[in-house]
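J.: Structure supplied as final-v3.cif; contents: mmCIF, C-alpha atoms.
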data_upload
#
loop_
_atom_site.group_PDB
_atom_site.id
_atom_site.type_symbol
_atom_site.label_atom_id
_atom_site.label_comp_id
_atom_site.auth_asym_id
_atom_site.auth_seq_id
_atom_site.Cartn_x
_atom_site.Cartn_y
_atom_site.Cartn_z
ATOM 1 C CA MET A 11 -30.463 121.115 -23.628
ATOM 2 C CA THR A 12 -27.790 118.736 -24.831
ATOM 3 C CA MET A 13 -27.954 116.543 -27.906
ATOM 4 C CA VAL A 14 -28.464 113.363 -25.841
ATOM 5 C CA LYS A 15 -31.366 114.906 -23.980
ATOM 6 C CA ALA A 16 -32.997 116.046 -27.225
ATOM 7 C CA LEU A 17 -32.585 112.589 -28.757
ATOM 8 C CA PHE A 18 -34.055 111.030 -25.630
ATOM 9 C CA TYR A 19 -37.144 113.217 -25.828
ATOM 10 C CA LEU A 20 -37.510 112.515 -29.561
ATOM 11 C CA MET A 21 -37.230 108.746 -29.046
ATOM 12 C CA SER A 22 -39.631 108.669 -26.119
ATOM 13 C CA PHE A 23 -42.085 110.809 -28.064
ATOM 14 C CA ILE A 24 -41.950 108.386 -31.017
ATOM 15 C CA THR A 25 -42.308 105.411 -28.682
ATOM 16 C CA LEU A 26 -45.304 106.742 -26.792
ATOM 17 C CA GLY A 27 -46.957 108.228 -29.887
ATOM 18 C CA SER A 28 -46.785 105.015 -31.863
ATOM 19 C CA ALA A 29 -47.908 102.991 -28.824
ATOM 20 C CA LEU A 30 -50.943 105.253 -28.498
ATOM 21 C CA PHE A 31 -51.594 104.824 -32.220
ATOM 22 C CA VAL A 32 -51.535 101.047 -31.737
ATOM 23 C CA ALA A 33 -54.074 101.505 -28.958
ATOM 24 C CA ALA A 34 -56.298 103.783 -31.021
ATOM 25 C CA SER A 35 -56.254 102.237 -34.488
ATOM 26 C CA LYS A 36 -59.015 99.916 -35.567
ATOM 27 C CA ASN A 37 -57.053 98.338 -38.398
ATOM 28 C CA LEU A 38 -55.080 95.297 -37.264
ATOM 29 C CA VAL A 39 -52.408 95.438 -39.960
ATOM 30 C CA ARG A 40 -51.796 99.128 -39.400
ATOM 31 C CA SER A 41 -51.452 98.626 -35.652
ATOM 32 C CA VAL A 42 -48.942 95.812 -36.178
ATOM 33 C CA PHE A 43 -46.795 98.044 -38.376
ATOM 34 C CA MET A 44 -46.975 100.872 -35.836
ATOM 35 C CA PHE A 45 -45.845 98.364 -33.216
ATOM 36 C CA PHE A 46 -42.764 97.917 -35.430
ATOM 37 C CA VAL A 47 -42.053 101.661 -35.058
ATOM 38 C CA THR A 48 -42.498 101.379 -31.276
ATOM 39 C CA LEU A 49 -39.943 98.576 -31.064
ATOM 40 C CA MET A 50 -37.419 100.469 -33.200
ATOM 41 C CA ALA A 51 -37.744 103.595 -31.057
ATOM 42 C CA LEU A 52 -37.363 101.455 -27.935
ATOM 43 C CA ALA A 53 -34.094 100.135 -29.370
ATOM 44 C CA GLY A 54 -33.031 103.780 -29.702
ATOM 45 C CA LEU A 55 -33.904 104.337 -26.044
ATOM 46 C CA TYR A 56 -31.754 101.319 -25.124
ATOM 47 C CA VAL A 57 -28.824 102.873 -26.973
ATOM 48 C CA LEU A 58 -29.349 106.089 -25.028
ATOM 49 C CA ALA A 59 -29.296 104.014 -21.823
ATOM 50 C CA LEU A 60 -25.825 102.808 -22.948
ATOM 51 C CA ALA A 61 -26.949 99.234 -23.665
ATOM 52 C CA ASP A 62 -26.031 98.854 -27.326
ATOM 53 C CA PHE A 63 -25.881 95.050 -27.289
ATOM 54 C CA VAL A 64 -29.409 94.847 -25.887
ATOM 55 C CA ALA A 65 -30.560 97.333 -28.526
ATOM 56 C CA ILE A 66 -29.207 95.147 -31.334
ATOM 57 C CA THR A 67 -30.778 92.076 -29.723
ATOM 58 C CA GLN A 68 -34.076 93.922 -29.507
ATOM 59 C CA ILE A 69 -33.958 94.694 -33.231
ATOM 60 C CA VAL A 70 -32.885 91.176 -34.238
ATOM 61 C CA ILE A 71 -35.311 89.230 -32.046
ATOM 62 C CA TYR A 72 -38.312 91.528 -31.702
ATOM 63 C CA VAL A 73 -38.389 93.179 -35.103
ATOM 64 C CA GLY A 74 -36.873 90.307 -37.051
ATOM 65 C CA GLY A 75 -38.481 87.457 -35.155
ATOM 66 C CA ILE A 76 -41.596 88.231 -33.166
ATOM 67 C CA LEU A 77 -43.077 90.823 -35.495
ATOM 68 C CA VAL A 78 -42.485 88.672 -38.573
ATOM 69 C CA LEU A 79 -44.097 85.783 -36.682
ATOM 70 C CA ILE A 80 -47.183 87.882 -35.888
ATOM 71 C CA ILE A 81 -47.448 89.099 -39.484
ATOM 72 C CA PHE A 82 -47.008 85.525 -40.768
ATOM 73 C CA ALA A 83 -49.689 84.254 -38.426
ATOM 74 C CA PHE A 84 -52.447 86.291 -39.963
ATOM 75 C CA MET A 85 -51.116 86.732 -43.492
ATOM 76 C CA LEU A 86 -50.520 83.038 -44.111
ATOM 77 C CA SER A 87 -53.521 81.652 -42.302
ATOM 78 C CA GLY A 88 -56.048 82.497 -44.976
ATOM 79 C CA ARG A 89 -58.034 85.565 -45.853
ATOM 80 C CA GLU A 90 -61.002 84.732 -43.641
ATOM 81 C CA VAL A 91 -59.010 85.510 -40.483
ATOM 82 C CA LEU A 92 -58.363 89.033 -41.680
ATOM 83 C CA THR A 93 -61.885 89.700 -42.881
ATOM 84 C CA GLY A 94 -63.323 88.219 -39.706
ATOM 85 C CA LEU A 95 -61.091 90.533 -37.708
ATOM 86 C CA GLN A 96 -62.169 93.614 -39.612
ATOM 87 C CA GLN A 97 -65.820 92.857 -39.008
ATOM 88 C CA GLN A 98 -65.238 92.469 -35.310
ATOM 89 C CA GLU A 99 -63.347 95.711 -35.143
ATOM 90 C CA SER A 100 -66.021 97.763 -36.867
ATOM 91 C CA ARG A 101 -68.659 97.454 -34.154
ATOM 92 C CA PHE A 102 -66.792 99.253 -31.465
ATOM 93 C CA ILE A 103 -68.551 101.607 -29.116
ATOM 94 C CA SER A 104 -66.365 104.063 -27.346
ATOM 95 C CA ILE A 105 -68.306 104.025 -24.069
ATOM 96 C CA SER A 106 -67.073 100.467 -23.516
ATOM 97 C CA LYS A 107 -63.518 101.761 -23.509
ATOM 98 C CA LEU A 108 -64.164 104.119 -20.602
ATOM 99 C CA PRO A 109 -63.472 101.722 -17.691
ATOM 100 C CA ALA A 110 -60.235 100.569 -19.332
ATOM 101 C CA LEU A 111 -59.155 104.171 -19.915
ATOM 102 C CA LEU A 112 -59.957 105.030 -16.303
ATOM 103 C CA LEU A 113 -58.048 102.012 -15.008
ATOM 104 C CA ALA A 114 -54.979 102.738 -17.147
ATOM 105 C CA ALA A 115 -54.964 106.438 -16.220
ATOM 106 C CA LEU A 116 -55.352 105.760 -12.500
ATOM 107 C CA PHE A 117 -52.611 103.132 -12.640
ATOM 108 C CA PHE A 118 -50.372 105.630 -14.419
ATOM 109 C CA ILE A 119 -51.048 108.242 -11.734
ATOM 110 C CA VAL A 120 -50.212 105.763 -8.973
ATOM 111 C CA MET A 121 -46.985 104.713 -10.708
ATOM 112 C CA LEU A 122 -45.977 108.309 -11.415
ATOM 113 C CA ASN A 123 -46.584 109.262 -7.791
ATOM 114 C CA THR A 124 -44.438 106.359 -6.608
ATOM 115 C CA LEU A 125 -41.655 107.117 -9.096
ATOM 116 C CA LEU A 126 -41.459 110.756 -8.114
ATOM 117 C CA LYS A 127 -41.384 109.838 -4.440
ATOM 118 C CA VAL A 128 -38.712 107.155 -4.835
ATOM 119 C CA ASP A 129 -36.233 109.543 -6.494
ATOM 120 C CA ALA A 130 -34.322 106.776 -8.276
ATOM 121 C CA ASN A 131 -31.140 108.811 -8.819
ATOM 122 C CA ASN A 132 -30.462 108.952 -5.081
ATOM 123 C CA LEU A 133 -31.089 105.324 -4.222
ATOM 124 C CA PRO A 134 -28.377 103.955 -1.900
ATOM 125 C CA TRP A 135 -27.103 101.285 -4.273
ATOM 126 C CA VAL A 136 -27.045 103.686 -7.222
ATOM 127 C CA GLN A 137 -25.020 106.191 -5.193
ATOM 128 C CA ASN A 138 -22.797 103.335 -4.092
ATOM 129 C CA ALA A 139 -22.199 102.282 -7.712
ATOM 130 C CA ILE A 140 -21.347 105.843 -8.692
ATOM 131 C CA ALA A 141 -18.931 106.129 -5.772
ATOM 132 C CA GLN A 142 -17.198 102.874 -6.727
ATOM 133 C CA LYS A 143 -17.051 103.850 -10.425
ATOM 134 C CA ASN A 144 -19.172 100.757 -11.216
ATOM 135 C CA ILE A 145 -21.077 102.665 -13.882
ATOM 136 C CA ILE A 146 -21.150 102.326 -17.659
ATOM 137 C CA ARG A 147 -19.658 105.348 -19.391
ATOM 138 C CA PRO A 148 -20.524 106.425 -22.966
ATOM 139 C CA GLY A 149 -17.239 105.155 -24.451
ATOM 140 C CA ASP A 150 -17.201 101.720 -22.832
ATOM 141 C CA GLU A 151 -17.264 98.434 -24.690
ATOM 142 C CA THR A 152 -20.049 96.519 -22.970
ATOM 143 C CA SER A 153 -20.617 93.561 -25.276
ATOM 144 C CA ASN A 154 -17.229 92.074 -24.348
ATOM 145 C CA ASN A 155 -18.150 92.021 -20.674
ATOM 146 C CA ILE A 156 -21.661 90.729 -21.428
ATOM 147 C CA GLY A 157 -20.224 87.761 -23.308
ATOM 148 C CA ILE A 158 -17.847 86.878 -20.470
ATOM 149 C CA ASN A 159 -20.630 87.174 -17.884
ATOM 150 C CA LEU A 160 -23.040 85.130 -19.986
ATOM 151 C CA MET A 161 -20.563 82.251 -20.106
ATOM 152 C CA GLY A 162 -19.438 82.666 -16.495
ATOM 153 C CA LEU A 163 -21.679 84.132 -13.823
ATOM 154 C CA TYR A 164 -24.962 83.555 -15.671
ATOM 155 C CA LEU A 165 -24.196 80.199 -17.266
ATOM 156 C CA LEU A 166 -26.904 78.229 -15.428
ATOM 157 C CA PRO A 167 -29.784 80.633 -16.278
ATOM 158 C CA PHE A 168 -28.490 80.711 -19.857
ATOM 159 C CA GLU A 169 -28.713 76.925 -20.200
ATOM 160 C CA ILE A 170 -32.122 76.800 -18.507
ATOM 161 C CA ILE A 171 -33.395 79.460 -20.909
ATOM 162 C CA SER A 172 -32.097 77.485 -23.880
ATOM 163 C CA ILE A 173 -33.893 74.308 -22.728
ATOM 164 C CA LEU A 174 -37.082 76.282 -22.086
ATOM 165 C CA LEU A 175 -36.892 77.892 -25.526
ATOM 166 C CA MET A 176 -36.538 74.486 -27.169
ATOM 167 C CA MET A 177 -39.477 73.126 -25.161
ATOM 168 C CA ALA A 178 -41.616 76.108 -26.130
ATOM 169 C CA LEU A 179 -40.827 75.749 -29.828
ATOM 170 C CA VAL A 180 -41.502 72.002 -29.808
ATOM 171 C CA GLY A 181 -44.758 72.696 -27.960
ATOM 172 C CA ALA A 182 -45.781 75.363 -30.470
ATOM 173 C CA ALA A 183 -45.094 73.004 -33.372
ATOM 174 C CA HIS A 184 -47.089 70.286 -31.603
ATOM 175 C CA ILE A 185 -50.083 72.529 -30.938
ATOM 176 C CA SER A 186 -50.293 73.919 -34.445
ATOM 177 C CA ARG A 187 -49.898 70.680 -36.409
ATOM 178 C CA LYS A 188 -52.739 69.298 -38.444
ATOM 179 C CA GLU A 189 -54.424 66.275 -36.936
ATOM 180 C CA LYS A 190 -57.652 64.340 -37.072
ATOM 181 C CA THR A 191 -58.260 63.462 -33.439
ATOM 182 C CA LEU A 192 -57.481 65.553 -30.402
ATOM 183 C CA MET B 10 -26.947 112.773 -18.783
ATOM 184 C CA ILE B 11 -30.457 111.425 -18.805
ATOM 185 C CA SER B 12 -31.710 110.775 -15.295
ATOM 186 C CA LEU B 13 -33.241 107.494 -14.210
ATOM 187 C CA THR B 14 -36.568 109.137 -13.434
ATOM 188 C CA ASP B 15 -37.041 110.055 -17.117
ATOM 189 C CA PHE B 16 -36.666 106.433 -18.162
ATOM 190 C CA LEU B 17 -39.013 105.315 -15.397
ATOM 191 C CA VAL B 18 -41.711 107.785 -16.463
ATOM 192 C CA VAL B 19 -41.506 106.711 -20.119
ATOM 193 C CA SER B 20 -41.672 103.095 -19.038
ATOM 194 C CA ALA B 21 -44.692 103.707 -16.802
ATOM 195 C CA ALA B 22 -46.531 105.427 -19.665
ATOM 196 C CA LEU B 23 -45.706 102.540 -21.998
ATOM 197 C CA PHE B 24 -46.932 100.022 -19.427
ATOM 198 C CA CYS B 25 -50.244 101.832 -19.009
ATOM 199 C CA THR B 26 -50.699 101.953 -22.792
ATOM 200 C CA GLY B 27 -50.171 98.195 -22.766
ATOM 201 C CA ILE B 28 -52.801 97.741 -20.059
ATOM 202 C CA PHE B 29 -55.239 99.840 -22.074
ATOM 203 C CA ILE B 30 -54.645 97.754 -25.217
ATOM 204 C CA VAL B 31 -55.057 94.476 -23.326
ATOM 205 C CA LEU B 32 -58.320 95.645 -21.771
ATOM 206 C CA THR B 33 -59.986 97.174 -24.826
ATOM 207 C CA LYS B 34 -58.978 95.159 -27.871
ATOM 208 C CA ARG B 35 -61.394 92.568 -29.136
ATOM 209 C CA ASN B 36 -59.024 90.218 -30.904
ATOM 210 C CA ALA B 37 -56.342 88.054 -29.432
ATOM 211 C CA ILE B 38 -53.482 89.209 -31.662
ATOM 212 C CA GLN B 39 -53.851 92.798 -30.501
ATOM 213 C CA VAL B 40 -54.082 91.626 -26.892
ATOM 214 C CA LEU B 41 -50.787 89.839 -27.522
ATOM 215 C CA ILE B 42 -49.283 93.087 -28.835
ATOM 216 C CA GLY B 43 -50.420 94.824 -25.632
ATOM 217 C CA ILE B 44 -48.705 92.171 -23.538
ATOM 218 C CA GLU B 45 -45.517 92.643 -25.576
ATOM 219 C CA LEU B 46 -45.699 96.389 -24.911
ATOM 220 C CA MET B 47 -45.907 95.763 -21.169
ATOM 221 C CA LEU B 48 -42.929 93.397 -21.357
ATOM 222 C CA ASN B 49 -40.971 96.048 -23.238
ATOM 223 C CA ALA B 50 -41.776 98.635 -20.581
ATOM 224 C CA ALA B 51 -40.314 96.318 -17.951
ATOM 225 C CA ASN B 52 -37.241 95.748 -20.147
ATOM 226 C CA LEU B 53 -36.698 99.492 -20.430
ATOM 227 C CA ASN B 54 -36.560 99.734 -16.633
ATOM 228 C CA LEU B 55 -34.076 96.868 -16.436
ATOM 229 C CA VAL B 56 -31.822 98.445 -19.053
ATOM 230 C CA ALA B 57 -31.977 101.872 -17.429
ATOM 231 C CA PHE B 58 -30.940 100.468 -14.049
ATOM 232 C CA GLY B 59 -28.400 98.176 -15.693
ATOM 233 C CA LYS B 60 -26.252 101.226 -16.383
ATOM 234 C CA TYR B 61 -25.194 101.176 -12.727
ATOM 235 C CA ASP B 62 -23.849 97.623 -12.839
ATOM 236 C CA ARG B 63 -20.795 97.587 -15.056
ATOM 237 C CA LEU B 64 -19.068 94.552 -13.565
ATOM 238 C CA ASN B 65 -21.893 92.022 -13.543
ATOM 239 C CA ASN B 66 -24.217 93.490 -16.223
ATOM 240 C CA GLY B 67 -27.187 92.189 -14.239
ATOM 241 C CA GLY B 68 -29.831 94.389 -15.823
ATOM 242 C CA GLN B 69 -28.749 93.921 -19.418
ATOM 243 C CA ILE B 70 -28.409 90.145 -19.178
ATOM 244 C CA PHE B 71 -31.796 89.880 -17.489
ATOM 245 C CA THR B 72 -33.199 91.906 -20.389
ATOM 246 C CA LEU B 73 -31.655 89.470 -22.874
ATOM 247 C CA PHE B 74 -33.320 86.554 -21.066
ATOM 248 C CA SER B 75 -36.616 88.419 -20.956
ATOM 249 C CA ILE B 76 -36.498 89.114 -24.713
ATOM 250 C CA THR B 77 -35.845 85.420 -25.349
ATOM 251 C CA LEU B 78 -38.774 84.439 -23.147
ATOM 252 C CA ALA B 79 -40.982 86.914 -25.006
ATOM 253 C CA ALA B 80 -40.066 85.200 -28.283
ATOM 254 C CA ALA B 81 -40.996 81.784 -26.856
ATOM 255 C CA THR B 82 -44.243 83.176 -25.450
ATOM 256 C CA THR B 83 -45.222 84.686 -28.776
ATOM 257 C CA ALA B 84 -44.595 81.451 -30.672
ATOM 258 C CA VAL B 85 -46.787 79.425 -28.305
ATOM 259 C CA ALA B 86 -49.470 82.122 -28.082
ATOM 260 C CA LEU B 87 -49.768 82.408 -31.864
ATOM 261 C CA ALA B 88 -50.087 78.636 -32.186
ATOM 262 C CA ILE B 89 -52.872 78.688 -29.590
ATOM 263 C CA ILE B 90 -54.601 81.618 -31.325
ATOM 264 C CA LEU B 91 -54.577 79.816 -34.684
ATOM 265 C CA ASN B 92 -56.036 76.708 -33.027
ATOM 266 C CA VAL B 93 -58.725 78.750 -31.303
ATOM 267 C CA TYR B 94 -59.626 80.284 -34.645
ATOM 268 C CA LYS B 95 -59.866 76.839 -36.235
ATOM 269 C CA ARG B 96 -62.213 75.624 -33.518
ATOM 270 C CA TYR B 97 -64.422 78.653 -32.762
ATOM 271 C CA LYS B 98 -64.106 80.636 -36.037
ATOM 272 C CA THR B 99 -63.391 83.742 -33.963
ATOM 273 C CA ILE B 100 -60.480 85.023 -31.915
ATOM 274 C CA ASP B 101 -62.451 87.424 -29.743
ATOM 275 C CA PRO B 102 -61.282 86.464 -26.239
ATOM 276 C CA SER B 103 -64.677 87.239 -24.700
ATOM 277 C CA LYS B 104 -66.483 84.878 -27.084
ATOM 278 C CA THR B 105 -64.332 81.805 -26.657
ATOM 279 C CA ASP B 106 -65.955 80.816 -23.404
ATOM 280 C CA SER B 107 -66.715 77.088 -23.706
ATOM 281 C CA LEU B 108 -64.164 74.485 -22.727
ATOM 282 C CA LYS B 109 -65.377 71.570 -24.883
ATOM 283 C CA ASP B 110 -68.232 71.496 -27.341
#
Show how you would write the structure in this file as structure tokens.

T.:
Amino acid sequence: MTMVKALFYLMSFITLGSALFVAASKNLVRSVFMFFVTLMALAGLYVLALADFVAITQIVIYVGGILVLIIFAFMLSGREVLTGLQQQESRFISISKLPALLLAALFFIVMLNTLLKVDANNLPWVQNAIAQKNIIRPGDETSNNIGINLMGLYLLPFEIISILLMMALVGAAHISRKEKTL
Amino acid sequence: MISLTDFLVVSAALFCTGIFIVLTKRNAIQVLIGIELMLNAANLNLVAFGKYDRLNNGGQIFTLFSITLAAATTAVALAIILNVYKRYKTIDPSKTDSLKD
């Protein structure tokens, strides 16, 4: 087993373990902090998939932005949100989880069956890319090419995303402002 | 090297964990975390396949857009959750069932 393979198994183990902890824990704050671990390990998986720029973006936006936003939302919005949440979480019967567990497990089995049948390494376009040497190698500099593509081939989606992001932030500020009449 | 099937299996497991969280949790913030997990599972697939597109970087750039959209979604969703809490005094999704009081 090579070093890369071992690191991959370690990262995927951390990812899945912390995701399962998020699913199992009753404490909201603890599950949010375990979600932090999940996102970090996912960034590690991105690095192992040779996408270092995406990994850095994942850390900056998800860990630095989204997670801080979630923590802010319930830390700054008064203590009654937290206490109300804890009370709701305490009356939790495990028999009510059974249909959800069944659904998730069956869905996983279906997906696993499909994935093993598809045999993604031998897809025609993947084989084609390998034959044409259109494949990222471990020593390549990818962020250079990503920047050129972002300003060239993908310029229109980039601008649309920026407008949509601005609209979403203005909308969020509008929804959450204090007002007398709605 | 790591094969594509390994990434796909990890991503499928992560997606099913997300489904489980969305279906079982009783407060909206944890449901939001489950949705983020499912989005991340999809991103992992995109990045894994993006390795076979060195010229156009299709997978990686789509992942960047998807991460940005997730940030926008979270901002709006948290604003809505805070408003729901102000109005109903609870954020249990199964209890907020009236449109206007």

J.: Could you please select, counting all atoms listed in the file, the residues of chain A within 6 Å of chain B and state them as a tab-separated table (two decimals) with C-alpha atoms, keeping the file's coordinate frame?

T.:
chain	number	residue	atom	x	y	z
A	33	ALA	CA	-54.07	101.50	-28.96
A	59	ALA	CA	-29.30	104.01	-21.82
A	76	ILE	CA	-41.60	88.23	-33.17
A	107	LYS	CA	-63.52	101.76	-23.51
A	110	ALA	CA	-60.24	100.57	-19.33
A	114	ALA	CA	-54.98	102.74	-17.15
A	118	PHE	CA	-50.37	105.63	-14.42
A	131	ASN	CA	-31.14	108.81	-8.82
A	139	ALA	CA	-22.20	102.28	-7.71
A	144	ASN	CA	-19.17	100.76	-11.22
A	145	ILE	CA	-21.08	102.66	-13.88
A	146	ILE	CA	-21.15	102.33	-17.66
A	175	LEU	CA	-36.89	77.89	-25.53
A	178	ALA	CA	-41.62	76.11	-26.13
A	182	ALA	CA	-45.78	75.36	-30.47
A	186	SER	CA	-50.29	73.92	-34.44

J.: Rounded to one decimal, what separation in Å do you get between atom CA of B:Leu48 and atom CA of A:Ala61?

T.: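 Going from atom CA of B:Leu48 over to atom CA of A:Ala61, I get 17.2 Å.
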
J.: Atom CA of A:Val73 and atom CA of A:Asn37 are how many Å apart?

T.: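 Separation of atom CA of A:Val73 and atom CA of A:Asn37: 19.6 Å.
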
J.: Could you state the separation of atom CA of A:Gly162 and atom CA of A:Ile69 in Å, given to one decimal place?

T.: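 Atom-to-atom, atom CA of A:Gly162 and atom CA of A:Ile69 are spaced 25.2 Å apart.
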
J.: Find the spatial neighbours of A:Val42, counting all atoms listed in the file, within a cut-off of 8 Å - ignore same-chain residues fewer than 6 positions away - and output them as JSON, numbers by chain.

T.: {"A": [32, 77, 81], "B": [42]}

J.: Which of these residues is nearest to A:Phe23, using all atoms listed in the file: A:His184, A:Ala51, A:Val39, A:Leu174?

T.: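 Ranking A:His184, A:Ala51, A:Val39, A:Leu174 by distance to A:Phe23, first place goes to A:Ala51.
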